[in-house]
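K.L.:
Contents are mmCIF, C-alpha atoms; file name run_39.cif:
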data_start
loop_
_atom_site.group_PDB
_atom_site.id
_atom_site.type_symbol
_atom_site.label_atom_id
_atom_site.label_comp_id
_atom_site.auth_asym_id
_atom_site.auth_seq_id
_atom_site.Cartn_x
_atom_site.Cartn_y
_atom_site.Cartn_z
ATOM 1 C CA MET A 32 83.889 69.104 144.350
ATOM 2 C CA LYS A 33 82.172 67.142 147.104
ATOM 3 C CA VAL A 34 82.019 68.755 150.543
ATOM 4 C CA VAL A 35 84.349 66.929 152.934
ATOM 5 C CA HIS A 36 84.587 69.345 155.866
ATOM 6 C CA ILE A 37 81.722 71.190 157.547
ATOM 7 C CA ILE A 38 82.393 74.229 159.730
ATOM 8 C CA GLY A 39 79.702 75.613 162.017
ATOM 9 C CA ALA A 40 79.840 79.366 162.671
ATOM 10 C CA ASP A 41 78.148 81.009 165.648
ATOM 11 C CA ILE A 42 78.184 84.735 164.852
ATOM 12 C CA SER A 43 77.731 87.619 167.260
ATOM 13 C CA LYS A 44 78.342 91.332 166.926
ATOM 14 C CA LYS A 45 81.985 91.224 168.049
ATOM 15 C CA THR A 46 83.108 87.589 167.788
ATOM 16 C CA ILE A 47 82.664 84.437 165.698
ATOM 17 C CA ASP A 48 83.052 80.889 167.028
ATOM 18 C CA LEU A 49 84.038 78.306 164.399
ATOM 19 C CA PHE A 50 83.963 74.530 164.828
ATOM 20 C CA CYS A 51 85.127 71.981 162.257
ATOM 21 C CA PHE A 52 82.983 68.855 162.639
ATOM 22 C CA GLN A 53 85.389 66.365 161.050
ATOM 23 C CA SER A 54 88.488 67.427 163.047
ATOM 24 C CA SER A 55 86.642 68.589 166.210
ATOM 25 C CA SER A 56 88.715 71.774 166.089
ATOM 26 C CA HIS A 57 87.467 75.080 167.544
ATOM 27 C CA LEU A 58 88.521 78.646 166.770
ATOM 28 C CA LYS A 59 87.262 81.917 168.257
ATOM 29 C CA ILE A 60 87.968 85.112 166.306
ATOM 30 C CA THR A 61 86.947 88.738 166.272
ATOM 31 C CA ASN A 62 84.269 89.682 163.765
ATOM 32 C CA ASP A 63 86.556 91.877 161.662
ATOM 33 C CA VAL A 64 89.276 91.729 159.011
ATOM 34 C CA ASN A 65 91.991 90.730 161.494
ATOM 35 C CA GLY A 66 89.861 87.834 162.708
ATOM 36 C CA PHE A 67 89.156 86.667 159.160
ATOM 37 C CA LYS A 68 92.904 86.400 158.475
ATOM 38 C CA ARG A 69 93.158 83.887 161.329
ATOM 39 C CA ILE A 70 90.576 81.698 159.572
ATOM 40 C CA GLN A 71 92.891 81.196 156.600
ATOM 41 C CA LEU A 72 95.759 80.142 158.884
ATOM 42 C CA TRP A 73 93.440 77.813 160.825
ATOM 43 C CA ILE A 74 92.199 76.133 157.650
ATOM 44 C CA SER A 75 95.770 75.675 156.430
ATOM 45 C CA LYS A 76 96.800 74.004 159.713
ATOM 46 C CA LEU A 77 93.831 71.646 159.439
ATOM 47 C CA GLY A 78 94.977 70.683 155.953
ATOM 48 C CA VAL A 79 91.577 71.515 154.490
ATOM 49 C CA ARG A 80 91.113 72.675 150.902
ATOM 50 C CA THR A 81 88.662 75.546 150.486
ATOM 51 C CA LYS A 82 86.961 73.758 147.586
ATOM 52 C CA SER A 83 86.019 70.850 149.861
ATOM 53 C CA LEU A 84 84.852 73.136 152.672
ATOM 54 C CA ALA A 85 81.402 74.451 153.548
ATOM 55 C CA VAL A 86 80.426 76.867 156.316
ATOM 56 C CA VAL A 87 77.018 76.735 157.986
ATOM 57 C CA MET A 88 75.639 79.689 159.949
ATOM 58 C CA GLU A 89 72.389 81.092 161.299
ATOM 59 C CA HIS A 90 70.644 84.180 159.940
ATOM 60 C CA THR A 91 72.050 87.061 162.014
ATOM 61 C CA GLY A 92 71.262 90.113 159.894
ATOM 62 C CA TYR A 93 74.078 92.648 159.527
ATOM 63 C CA TYR A 94 76.389 90.816 161.957
ATOM 64 C CA SER A 95 77.419 88.356 159.243
ATOM 65 C CA TYR A 96 77.724 90.936 156.433
ATOM 66 C CA HIS A 97 81.544 91.270 156.396
ATOM 67 C CA PHE A 98 82.048 87.570 157.146
ATOM 68 C CA GLU A 99 79.931 86.638 154.131
ATOM 69 C CA ASN A 100 81.929 88.986 151.899
ATOM 70 C CA PHE A 101 85.128 87.341 153.145
ATOM 71 C CA LEU A 102 83.780 83.882 152.284
ATOM 72 C CA HIS A 103 82.684 85.018 148.826
ATOM 73 C CA GLN A 104 86.089 86.599 148.106
ATOM 74 C CA ASN A 105 87.884 83.381 149.096
ATOM 75 C CA GLN A 106 85.381 81.194 147.195
ATOM 76 C CA ILE A 107 84.299 79.324 150.320
ATOM 77 C CA ARG A 108 80.794 77.882 150.141
ATOM 78 C CA PHE A 109 78.412 78.766 152.938
ATOM 79 C CA SER A 110 74.763 78.266 153.803
ATOM 80 C CA LYS A 111 72.471 80.259 156.077
ATOM 81 C CA VAL A 112 69.863 78.348 158.072
ATOM 82 C CA SER A 113 67.004 79.447 160.295
ATOM 83 C CA ALA A 114 67.934 79.382 163.986
ATOM 84 C CA LEU A 115 64.600 77.697 164.742
ATOM 85 C CA GLU A 116 65.346 74.877 162.287
ATOM 86 C CA ILE A 117 68.688 74.199 163.977
ATOM 87 C CA LYS A 118 67.168 74.397 167.457
ATOM 88 C CA ARG A 119 64.407 71.908 166.660
ATOM 89 C CA SER A 120 66.850 69.472 165.083
ATOM 90 C CA MET A 121 68.936 69.203 168.264
ATOM 91 C CA GLY A 122 66.327 67.399 170.356
ATOM 92 C CA LEU A 123 66.654 67.605 174.133
ATOM 93 C CA VAL A 124 69.688 69.712 175.112
ATOM 94 C CA ARG A 125 71.007 71.290 178.290
ATOM 95 C CA GLY A 126 73.144 74.397 178.571
ATOM 96 C CA LYS A 127 74.632 76.596 175.867
ATOM 97 C CA ASN A 128 77.507 78.897 175.051
ATOM 98 C CA ASP A 129 79.101 80.171 171.857
ATOM 99 C CA LYS A 130 81.490 77.215 171.496
ATOM 100 C CA ILE A 131 78.728 74.652 172.065
ATOM 101 C CA ASP A 132 76.435 76.500 169.648
ATOM 102 C CA SER A 133 79.090 76.356 166.903
ATOM 103 C CA GLN A 134 79.428 72.598 167.515
ATOM 104 C CA ARG A 135 75.672 72.120 167.222
ATOM 105 C CA ILE A 136 75.538 74.157 164.009
ATOM 106 C CA ALA A 137 78.402 72.076 162.567
ATOM 107 C CA ARG A 138 76.610 68.854 163.524
ATOM 108 C CA PHE A 139 73.427 70.125 161.856
ATOM 109 C CA GLY A 140 75.389 70.951 158.701
ATOM 110 C CA HIS A 141 76.978 67.501 158.642
ATOM 111 C CA GLU A 142 73.635 65.718 159.048
ATOM 112 C CA LYS A 143 71.736 67.927 156.581
ATOM 113 C CA GLN A 144 74.462 68.724 154.055
ATOM 114 C CA ASP A 145 72.506 67.126 151.212
ATOM 115 C CA ARG A 146 69.721 69.676 151.829
ATOM 116 C CA LEU A 147 71.887 72.756 152.282
ATOM 117 C CA ARG A 148 71.910 75.253 149.458
ATOM 118 C CA PRO A 149 75.009 77.467 149.001
ATOM 119 C CA GLU A 150 74.331 81.192 149.198
ATOM 120 C CA THR A 151 74.980 83.261 146.092
ATOM 121 C CA LEU A 152 76.535 86.710 146.022
ATOM 122 C CA THR A 153 73.906 89.410 146.452
ATOM 123 C CA PRO A 154 74.260 92.213 143.854
ATOM 124 C CA PRO A 155 75.281 95.604 145.376
ATOM 125 C CA GLU A 156 72.090 97.185 144.022
ATOM 126 C CA LEU A 157 69.998 94.650 145.915
ATOM 127 C CA GLN A 158 72.016 95.215 149.097
ATOM 128 C CA ASN A 159 71.444 98.974 148.828
ATOM 129 C CA LEU A 160 67.753 98.382 148.223
ATOM 130 C CA GLN A 161 67.551 96.188 151.323
ATOM 131 C CA ILE A 162 69.129 98.912 153.476
ATOM 132 C CA LEU A 163 66.687 101.512 152.108
ATOM 133 C CA VAL A 164 63.652 99.281 152.717
ATOM 134 C CA SER A 165 64.682 98.270 156.246
ATOM 135 C CA THR A 166 65.509 101.879 157.198
ATOM 136 C CA ARG A 167 62.167 103.064 155.868
ATOM 137 C CA ALA A 168 60.369 100.350 157.855
ATOM 138 C CA LEU A 169 62.153 101.539 161.022
ATOM 139 C CA TYR A 170 61.143 105.171 160.398
ATOM 140 C CA VAL A 171 57.528 104.181 159.693
ATOM 141 C CA LYS A 172 57.405 102.255 162.961
ATOM 142 C CA GLN A 173 58.867 105.187 164.899
ATOM 143 C CA ARG A 174 56.432 107.622 163.278
ATOM 144 C CA SER A 175 53.459 105.403 164.159
ATOM 145 C CA SER A 176 54.661 105.228 167.768
ATOM 146 C CA LEU A 177 54.935 109.023 167.934
ATOM 147 C CA LEU A 178 51.473 109.516 166.421
ATOM 148 C CA CYS A 179 49.989 107.200 169.069
ATOM 149 C CA ALA A 180 51.818 109.129 171.803
ATOM 150 C CA ILE A 181 50.485 112.441 170.449
ATOM 151 C CA LYS A 182 46.884 111.165 170.595
ATOM 152 C CA GLU A 183 47.349 110.053 174.194
ATOM 153 C CA HIS A 184 48.970 113.322 175.264
ATOM 154 C CA GLN A 185 46.228 115.382 173.600
ATOM 155 C CA ILE A 186 43.742 113.857 176.042
ATOM 156 C CA ILE A 187 45.395 115.474 179.064
ATOM 157 C CA LEU A 188 47.586 118.251 177.624
ATOM 158 C CA SER A 189 46.958 121.406 175.639
ATOM 159 C CA PRO A 190 47.434 121.070 171.864
ATOM 160 C CA LYS A 191 50.165 123.723 172.141
ATOM 161 C CA ALA A 192 52.076 121.938 174.888
ATOM 162 C CA SER A 193 55.816 121.758 174.273
ATOM 163 C CA ILE A 194 55.798 117.940 174.417
ATOM 164 C CA ILE A 195 53.159 117.654 171.704
ATOM 165 C CA GLU A 196 54.787 120.283 169.503
ATOM 166 C CA GLY A 197 58.144 118.515 169.816
ATOM 167 C CA GLN A 198 56.605 115.199 168.869
ATOM 168 C CA GLN A 199 54.855 116.754 165.896
ATOM 169 C CA ARG A 200 58.178 118.167 164.661
ATOM 170 C CA LEU A 201 59.688 114.709 164.931
ATOM 171 C CA VAL A 202 56.768 113.253 162.972
ATOM 172 C CA GLY A 203 57.297 115.856 160.258
ATOM 173 C CA GLU A 204 61.015 115.088 160.060
ATOM 174 C CA LEU A 205 60.394 111.339 159.916
ATOM 175 C CA THR A 206 57.840 111.881 157.142
ATOM 176 C CA ARG A 207 60.428 113.850 155.138
ATOM 177 C CA GLN A 208 63.018 111.129 155.689
ATOM 178 C CA ILE A 209 60.569 108.438 154.570
ATOM 179 C CA LYS A 210 59.761 110.333 151.390
ATOM 180 C CA GLY A 211 63.474 110.790 150.730
ATOM 181 C CA LEU A 212 64.109 107.057 151.118
ATOM 182 C CA GLU A 213 61.235 106.240 148.788
ATOM 183 C CA LYS A 214 62.665 108.647 146.219
ATOM 184 C CA GLU A 215 66.044 106.862 146.428
ATOM 185 C CA MET A 216 64.285 103.516 146.016
ATOM 186 C CA LYS A 217 62.472 104.715 142.910
ATOM 187 C CA THR A 218 65.724 106.013 141.436
ATOM 188 C CA LEU A 219 67.471 102.704 142.110
ATOM 189 C CA LEU A 220 64.596 100.659 140.665
ATOM 190 C CA SER A 221 64.225 102.837 137.574
ATOM 191 C CA LYS A 222 67.572 101.692 136.148
ATOM 192 C CA PRO A 223 67.467 99.458 133.045
ATOM 193 C CA ASP A 224 68.964 96.376 134.679
ATOM 194 C CA ALA A 225 67.680 92.962 135.812
ATOM 195 C CA ILE A 226 66.382 94.316 139.127
ATOM 196 C CA GLY A 227 64.698 97.356 137.578
ATOM 197 C CA ASP A 228 63.149 95.296 134.780
ATOM 198 C CA ASN A 229 61.636 92.784 137.217
ATOM 199 C CA PHE A 230 60.353 95.616 139.420
ATOM 200 C CA ARG A 231 58.492 97.145 136.477
ATOM 201 C CA LEU A 232 56.984 93.739 135.717
ATOM 202 C CA LEU A 233 55.874 93.286 139.334
ATOM 203 C CA THR A 234 54.206 96.698 139.542
ATOM 204 C CA SER A 235 52.146 95.889 136.443
ATOM 205 C CA ILE A 236 50.091 93.666 138.790
ATOM 206 C CA VAL A 237 47.234 95.428 140.562
ATOM 207 C CA GLY A 238 48.031 95.579 144.292
ATOM 208 C CA ILE A 239 51.828 95.521 143.917
ATOM 209 C CA GLY A 240 53.404 98.895 144.598
ATOM 210 C CA LEU A 241 56.814 100.311 145.467
ATOM 211 C CA ILE A 242 57.313 98.766 148.917
ATOM 212 C CA ILE A 243 55.811 95.349 148.176
ATOM 213 C CA GLY A 244 57.618 95.056 144.841
ATOM 214 C CA ALA A 245 60.964 96.046 146.377
ATOM 215 C CA THR A 246 60.504 93.652 149.307
ATOM 216 C CA VAL A 247 59.670 90.755 146.990
ATOM 217 C CA LEU A 248 62.869 91.405 145.023
ATOM 218 C CA ILE A 249 64.873 91.402 148.265
ATOM 219 C CA LYS A 250 63.289 88.271 149.750
ATOM 220 C CA THR A 251 63.618 86.301 146.503
ATOM 221 C CA LYS A 252 67.056 87.744 145.628
ATOM 222 C CA ASN A 253 65.552 88.956 142.369
ATOM 223 C CA PHE A 254 63.781 85.604 141.866
ATOM 224 C CA THR A 255 66.904 83.443 142.242
ATOM 225 C CA ARG A 256 66.405 82.221 145.813
ATOM 226 C CA PHE A 257 63.200 80.227 145.205
ATOM 227 C CA THR A 258 62.856 77.822 142.304
ATOM 228 C CA ASN A 259 59.065 78.106 142.120
ATOM 229 C CA ARG A 260 56.068 79.959 143.511
ATOM 230 C CA LYS A 261 55.056 77.133 145.869
ATOM 231 C CA LYS A 262 58.278 77.417 147.841
ATOM 232 C CA PHE A 263 57.877 81.185 148.122
ATOM 233 C CA SER A 264 54.251 80.732 149.179
ATOM 234 C CA CYS A 265 55.416 78.373 151.918
ATOM 235 C CA TYR A 266 58.071 80.902 152.973
ATOM 236 C CA CYS A 267 55.416 83.633 153.211
ATOM 237 C CA GLY A 268 53.009 81.487 155.236
ATOM 238 C CA SER A 269 50.349 81.280 152.531
ATOM 239 C CA ALA A 270 50.639 77.601 151.633
ATOM 240 C CA PRO A 271 47.983 75.375 153.280
ATOM 241 C CA PHE A 272 49.055 72.128 154.944
ATOM 242 C CA ASP A 273 47.142 69.016 156.003
ATOM 243 C CA HIS A 274 46.560 68.384 159.699
ATOM 244 C CA SER A 275 45.535 64.770 160.137
ATOM 245 C CA SER A 276 46.671 61.559 161.810
ATOM 246 C CA GLY A 277 45.007 58.158 161.387
ATOM 247 C CA THR A 278 41.263 58.352 161.954
ATOM 248 C CA SER A 279 41.240 60.379 165.179
ATOM 249 C CA ILE A 280 42.629 63.678 163.871
ATOM 250 C CA MET A 281 41.009 64.980 160.688
ATOM 251 C CA LYS A 282 41.231 68.774 160.778
ATOM 252 C CA LYS A 283 40.960 71.236 157.917
ATOM 253 C CA THR A 284 44.033 72.258 155.977
ATOM 254 C CA ARG A 285 45.586 75.369 157.429
ATOM 255 C CA ILE A 286 48.566 77.650 156.977
ATOM 256 C CA SER A 287 51.599 77.466 159.237
ATOM 257 C CA HIS A 288 52.638 80.191 161.669
ATOM 258 C CA LEU A 289 56.272 79.530 160.679
ATOM 259 C CA ALA A 290 56.665 82.232 158.059
ATOM 260 C CA ASP A 291 58.240 85.547 157.186
ATOM 261 C CA LYS A 292 55.750 87.788 158.977
ATOM 262 C CA THR A 293 56.829 90.955 157.160
ATOM 263 C CA MET A 294 56.279 89.413 153.727
ATOM 264 C CA LYS A 295 52.995 87.864 154.832
ATOM 265 C CA THR A 296 51.681 91.228 156.093
ATOM 266 C CA LEU A 297 52.658 92.995 152.880
ATOM 267 C CA LEU A 298 50.998 90.318 150.746
ATOM 268 C CA THR A 299 47.834 90.646 152.835
ATOM 269 C CA GLN A 300 47.812 94.392 152.141
ATOM 270 C CA ALA A 301 48.394 93.694 148.439
ATOM 271 C CA ALA A 302 45.531 91.175 148.401
ATOM 272 C CA LYS A 303 43.110 93.651 149.998
ATOM 273 C CA THR A 304 44.104 96.339 147.503
ATOM 274 C CA ALA A 305 43.738 93.938 144.579
ATOM 275 C CA ILE A 306 40.270 92.883 145.776
ATOM 276 C CA GLN A 307 39.187 96.525 145.648
ATOM 277 C CA HIS A 308 40.695 97.472 142.285
ATOM 278 C CA ASP A 309 41.000 94.258 140.261
ATOM 279 C CA LYS A 310 37.624 93.251 138.826
ATOM 280 C CA GLU A 311 38.568 89.605 138.412
ATOM 281 C CA LEU A 312 39.750 89.221 142.022
ATOM 282 C CA LYS A 313 36.882 91.333 143.319
ATOM 283 C CA HIS A 314 34.294 89.049 141.689
ATOM 284 C CA TYR A 315 36.199 85.989 142.904
ATOM 285 C CA TYR A 316 36.265 87.325 146.474
ATOM 286 C CA GLN A 317 32.527 88.112 146.441
ATOM 287 C CA ARG A 318 31.607 84.780 144.890
ATOM 288 C CA ARG A 319 33.689 82.781 147.341
ATOM 289 C CA THR A 320 32.536 84.602 150.491
ATOM 290 C CA GLU A 321 28.878 84.422 149.401
ATOM 291 C CA SER A 322 29.243 80.643 149.060
ATOM 292 C CA GLY A 323 30.137 80.427 152.746
ATOM 293 C CA LYS A 324 33.925 80.567 152.700
ATOM 294 C CA THR A 325 35.589 82.765 155.316
ATOM 295 C CA LYS A 326 37.079 86.131 154.403
ATOM 296 C CA ARG A 327 40.422 85.142 155.899
ATOM 297 C CA SER A 328 40.765 81.995 153.798
ATOM 298 C CA THR A 329 39.669 83.890 150.685
ATOM 299 C CA ILE A 330 42.286 86.591 151.253
ATOM 300 C CA ASN A 331 44.870 83.830 151.592
ATOM 301 C CA VAL A 332 43.797 82.417 148.221
ATOM 302 C CA VAL A 333 44.158 85.887 146.704
ATOM 303 C CA ARG A 334 47.640 86.124 148.231
ATOM 304 C CA ASN A 335 48.585 82.916 146.453
ATOM 305 C CA LYS A 336 47.078 84.180 143.204
ATOM 306 C CA LEU A 337 49.265 87.291 143.417
ATOM 307 C CA ILE A 338 52.346 85.142 144.073
ATOM 308 C CA HIS A 339 51.431 83.011 141.053
ATOM 309 C CA ARG A 340 51.121 86.125 138.896
ATOM 310 C CA MET A 341 54.470 87.488 140.097
ATOM 311 C CA PHE A 342 56.399 84.335 139.289
ATOM 312 C CA ALA A 343 54.580 83.894 135.968
ATOM 313 C CA ILE A 344 55.333 87.355 134.573
ATOM 314 C CA VAL A 345 58.970 87.248 135.720
ATOM 315 C CA LYS A 346 59.403 83.848 134.077
ATOM 316 C CA ARG A 347 58.010 85.001 130.738
ATOM 317 C CA GLN A 348 59.344 88.595 131.113
ATOM 318 C CA THR A 349 56.130 90.274 130.014
ATOM 319 C CA PRO A 350 53.887 92.646 132.016
ATOM 320 C CA TYR A 351 50.673 91.348 133.538
ATOM 321 C CA ILE A 352 47.584 91.808 131.382
ATOM 322 C CA ASN A 353 44.192 91.788 133.056
ATOM 323 C CA GLN A 354 42.161 89.338 130.988
ATOM 324 C CA VAL A 355 38.829 90.811 132.179
ATOM 325 C CA LEU A 356 39.764 94.259 130.882
ATOM 326 C CA LYS A 357 41.215 92.718 127.722
ATOM 327 C CA ARG A 358 37.936 90.931 126.920
ATOM 328 C CA ALA A 359 36.001 94.113 127.669
#
As structure tokens, what does this structure read like?
P.N.:
Amino acid sequence: MKVVHIIGADISKKTIDLFCFQSSSHLKITNDVNGFKRIQLWISKLGVRTKSLAVVMEHTGYYSYHFENFLHQNQIRFSKVSALEIKRSMGLVRGKNDKIDSQRIARFGHEKQDRLRPETLTPPELQNLQILVSTRALYVKQRSSLLCAIKEHQIILSPKASIIEGQQRLVGELTRQIKGLEKEMKTLLSKPDAIGDNFRLLTSIVGIGLIIGATVLIKTKNFTRFTNRKKFSCYCGSAPFDHSSGTSIMKKTRISHLADKTMKTLLTQAAKTAIQHDKELKHYYQRRTESGKTKRSTINVVRNKLIHRMFAIVKRQTPYINQVLKRA
């Protein structure tokens, strides 16, 4: 059924502001089960059918987790949009609060509804994997911070100082926690299901390991979020774009800084690993840099090659076969 009513949702940790664009009606609720019940009453009073309704919201991480589950359970379509995309679409604005933000989100949804893509239900296994990966990333960051602090303290303190020993114990505990999380990830990804099968396909590519493979599955929603590799490349900040205007501006093609920085960093690490251990990519890297191309641009090409391989093997559901080794 065609979308008739657009509701903008401004979500915070404790509250949610809702604004229906067509009726100019506003509702503020608590971000919990009791608040969600009020939404159903509000929709009924507006005389809106859930099948003709669509909710638009910004990406807010865990704050929208229970709200999204509520929408899925009641079969209400919703779309998540980048906060930057909404901000840039508003033009020149003055002032802000939660009610005004919900109005602006609703207006964006009304103007761009032909481009909005409804979110699909994320499988529980993928949700658990996302929690494991994000928690591990937090522990790795904390461990790196502690290791830097230890090096600084060792300059002025004795190696047996209580501060240093305490920090070293924390590093050891974080290391154990990280290994435990990685073990849980491996157990989850070893199951014979769609997620586990695609993970095994991804890790058949040189340079793709546990963390990169798991993150790719999360970001692509097990290869259902992006219809092709070019869109994912753009999302990761690896797709080059023209930068020209008339005859006065004729610059080289370059990648955009608007990207998922985490995914871009992981793909860079994968590209560097592949250059070292994949003969085909190693020869390509050497040949391209020797011809005068920069190392940075060559690594970006390798990133795109890895993305192409990932989408290709998942599409045909067969592991990657290194053609250089096959010919040898």
K.L.:
May I have the residues within 9 Å of A:Ile60 as a list in words, using all atoms listed in the file and disregarding those fewer than 2 positions away in the same chain?
P.N.:
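Neighbouring residues, sequence-local ones excluded: Lys45, Thr46, Ile47, Asp48, Leu49, Leu58, Asn62, Asp63, Asn65, Gly66, Phe67, Arg69 and Ile70 of chain A.
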K.L.:
Output the selection as a PDB file, in the coordinates of the input - C-alpha atoms for each residue.
P.N.:
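Once written, result-v9.pdb looks like this:
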ATOM      1  CA  LYS A  45      81.985  91.224 168.049  1.00  0.00           C
ATOM      2  CA  THR A  46      83.108  87.589 167.788  1.00  0.00           C
ATOM      3  CA  ILE A  47      82.664  84.437 165.698  1.00  0.00           C
ATOM      4  CA  ASP A  48      83.052  80.889 167.028  1.00  0.00           C
ATOM      5  CA  LEU A  49      84.038  78.306 164.399  1.00  0.00           C
ATOM      6  CA  LEU A  58      88.521  78.646 166.770  1.00  0.00           C
ATOM      7  CA  ASN A  62      84.269  89.682 163.765  1.00  0.00           C
ATOM      8  CA  ASP A  63      86.556  91.877 161.662  1.00  0.00           C
ATOM      9  CA  ASN A  65      91.991  90.730 161.494  1.00  0.00           C
ATOM     10  CA  GLY A  66      89.861  87.834 162.708  1.00  0.00           C
ATOM     11  CA  PHE A  67      89.156  86.667 159.160  1.00  0.00           C
ATOM     12  CA  ARG A  69      93.158  83.887 161.329  1.00  0.00           C
ATOM     13  CA  ILE A  70      90.576  81.698 159.572  1.00  0.00           C
TER      14      ILE A  70
END
K.L.:
When you draw a straight line from atom CA of A:His141 to atom CA of A:Met121, how long is it in Å?
P.N.:
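According to the coordinates, atom CA of A:His141 and atom CA of A:Met121 are separated by 12.7 Å.
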K.L.:
Taking only C-alpha atoms into account, which of A:Arg285, A:Pro350, A:Lys262, A:Ser83 comes nearest A:Asp228?
P.N.:
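Looking at the shortest contact to A:Asp228, the residue is A:Pro350.
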K.L.:
Run the PyMOL selection byres ((chain A and resi 173) around 12) mentally over the shown coordinates, then write out the matched residues as a PDB file with C-alpha atoms, in the coordinates of the input, using the chain letters and numbers from the document.
P.N.:
ATOM      1  CA  THR A 166      65.509 101.879 157.198  1.00  0.00           C
ATOM      2  CA  ARG A 167      62.167 103.064 155.868  1.00  0.00           C
ATOM      3  CA  ALA A 168      60.369 100.350 157.855  1.00  0.00           C
ATOM      4  CA  LEU A 169      62.153 101.539 161.022  1.00  0.00           C
ATOM      5  CA  TYR A 170      61.143 105.171 160.398  1.00  0.00           C
ATOM      6  CA  VAL A 171      57.528 104.181 159.693  1.00  0.00           C
ATOM      7  CA  LYS A 172      57.405 102.255 162.961  1.00  0.00           C
ATOM      8  CA  ARG A 174      56.432 107.622 163.278  1.00  0.00           C
ATOM      9  CA  SER A 175      53.459 105.403 164.159  1.00  0.00           C
ATOM     10  CA  SER A 176      54.661 105.228 167.768  1.00  0.00           C
ATOM     11  CA  LEU A 177      54.935 109.023 167.934  1.00  0.00           C
ATOM     12  CA  LEU A 178      51.473 109.516 166.421  1.00  0.00           C
ATOM     13  CA  CYS A 179      49.989 107.200 169.069  1.00  0.00           C
ATOM     14  CA  ALA A 180      51.818 109.129 171.803  1.00  0.00           C
ATOM     15  CA  GLN A 198      56.605 115.199 168.869  1.00  0.00           C
ATOM     16  CA  LEU A 201      59.688 114.709 164.931  1.00  0.00           C
ATOM     17  CA  VAL A 202      56.768 113.253 162.972  1.00  0.00           C
ATOM     18  CA  GLY A 203      57.297 115.856 160.258  1.00  0.00           C
ATOM     19  CA  GLU A 204      61.015 115.088 160.060  1.00  0.00           C
ATOM     20  CA  LEU A 205      60.394 111.339 159.916  1.00  0.00           C
ATOM     21  CA  THR A 206      57.840 111.881 157.142  1.00  0.00           C
ATOM     22  CA  GLN A 208      63.018 111.129 155.689  1.00  0.00           C
ATOM     23  CA  ILE A 209      60.569 108.438 154.570  1.00  0.00           C
TER      24      ILE A 209
END
K.L.:
Show which residues sit within 12 Å of A:Glu99, as a PyMOL selection string. Count all atoms listed in the file, and ignore same-chain residues fewer than 4 positions away.
P.N.:
chain A and resi 40+42+62-64+67+86-95+103-111+149-153
K.L.:
Take the residues from that selection and put them in a file with C-alpha atoms, as a PDB file, in the frame of the given file.
P.N.:
ATOM      1  CA  ALA A  40      79.840  79.366 162.671  1.00  0.00           C
ATOM      2  CA  ILE A  42      78.184  84.735 164.852  1.00  0.00           C
ATOM      3  CA  ASN A  62      84.269  89.682 163.765  1.00  0.00           C
ATOM      4  CA  ASP A  63      86.556  91.877 161.662  1.00  0.00           C
ATOM      5  CA  VAL A  64      89.276  91.729 159.011  1.00  0.00           C
ATOM      6  CA  PHE A  67      89.156  86.667 159.160  1.00  0.00           C
ATOM      7  CA  VAL A  86      80.426  76.867 156.316  1.00  0.00           C
ATOM      8  CA  VAL A  87      77.018  76.735 157.986  1.00  0.00           C
ATOM      9  CA  MET A  88      75.639  79.689 159.949  1.00  0.00           C
ATOM     10  CA  GLU A  89      72.389  81.092 161.299  1.00  0.00           C
ATOM     11  CA  HIS A  90      70.644  84.180 159.940  1.00  0.00           C
ATOM     12  CA  THR A  91      72.050  87.061 162.014  1.00  0.00           C
ATOM     13  CA  GLY A  92      71.262  90.113 159.894  1.00  0.00           C
ATOM     14  CA  TYR A  93      74.078  92.648 159.527  1.00  0.00           C
ATOM     15  CA  TYR A  94      76.389  90.816 161.957  1.00  0.00           C
ATOM     16  CA  SER A  95      77.419  88.356 159.243  1.00  0.00           C
ATOM     17  CA  HIS A 103      82.684  85.018 148.826  1.00  0.00           C
ATOM     18  CA  GLN A 104      86.089  86.599 148.106  1.00  0.00           C
ATOM     19  CA  ASN A 105      87.884  83.381 149.096  1.00  0.00           C
ATOM     20  CA  GLN A 106      85.381  81.194 147.195  1.00  0.00           C
ATOM     21  CA  ILE A 107      84.299  79.324 150.320  1.00  0.00           C
ATOM     22  CA  ARG A 108      80.794  77.882 150.141  1.00  0.00           C
ATOM     23  CA  PHE A 109      78.412  78.766 152.938  1.00  0.00           C
ATOM     24  CA  SER A 110      74.763  78.266 153.803  1.00  0.00           C
ATOM     25  CA  LYS A 111      72.471  80.259 156.077  1.00  0.00           C
ATOM     26  CA  PRO A 149      75.009  77.467 149.001  1.00  0.00           C
ATOM     27  CA  GLU A 150      74.331  81.192 149.198  1.00  0.00           C
ATOM     28  CA  THR A 151      74.980  83.261 146.092  1.00  0.00           C
ATOM     29  CA  LEU A 152      76.535  86.710 146.022  1.00  0.00           C
ATOM     30  CA  THR A 153      73.906  89.410 146.452  1.00  0.00           C
TER      31      THR A 153
END
K.L.:
Could you check the closest approach to A:Cys265 for each of A:Arg318, A:Arg148, A:Lys127, A:Lys295 and tell me which residue wins, using all atoms listed in the file?
P.N.:
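Smallest separation from A:Cys265 among the options: A:Lys295.
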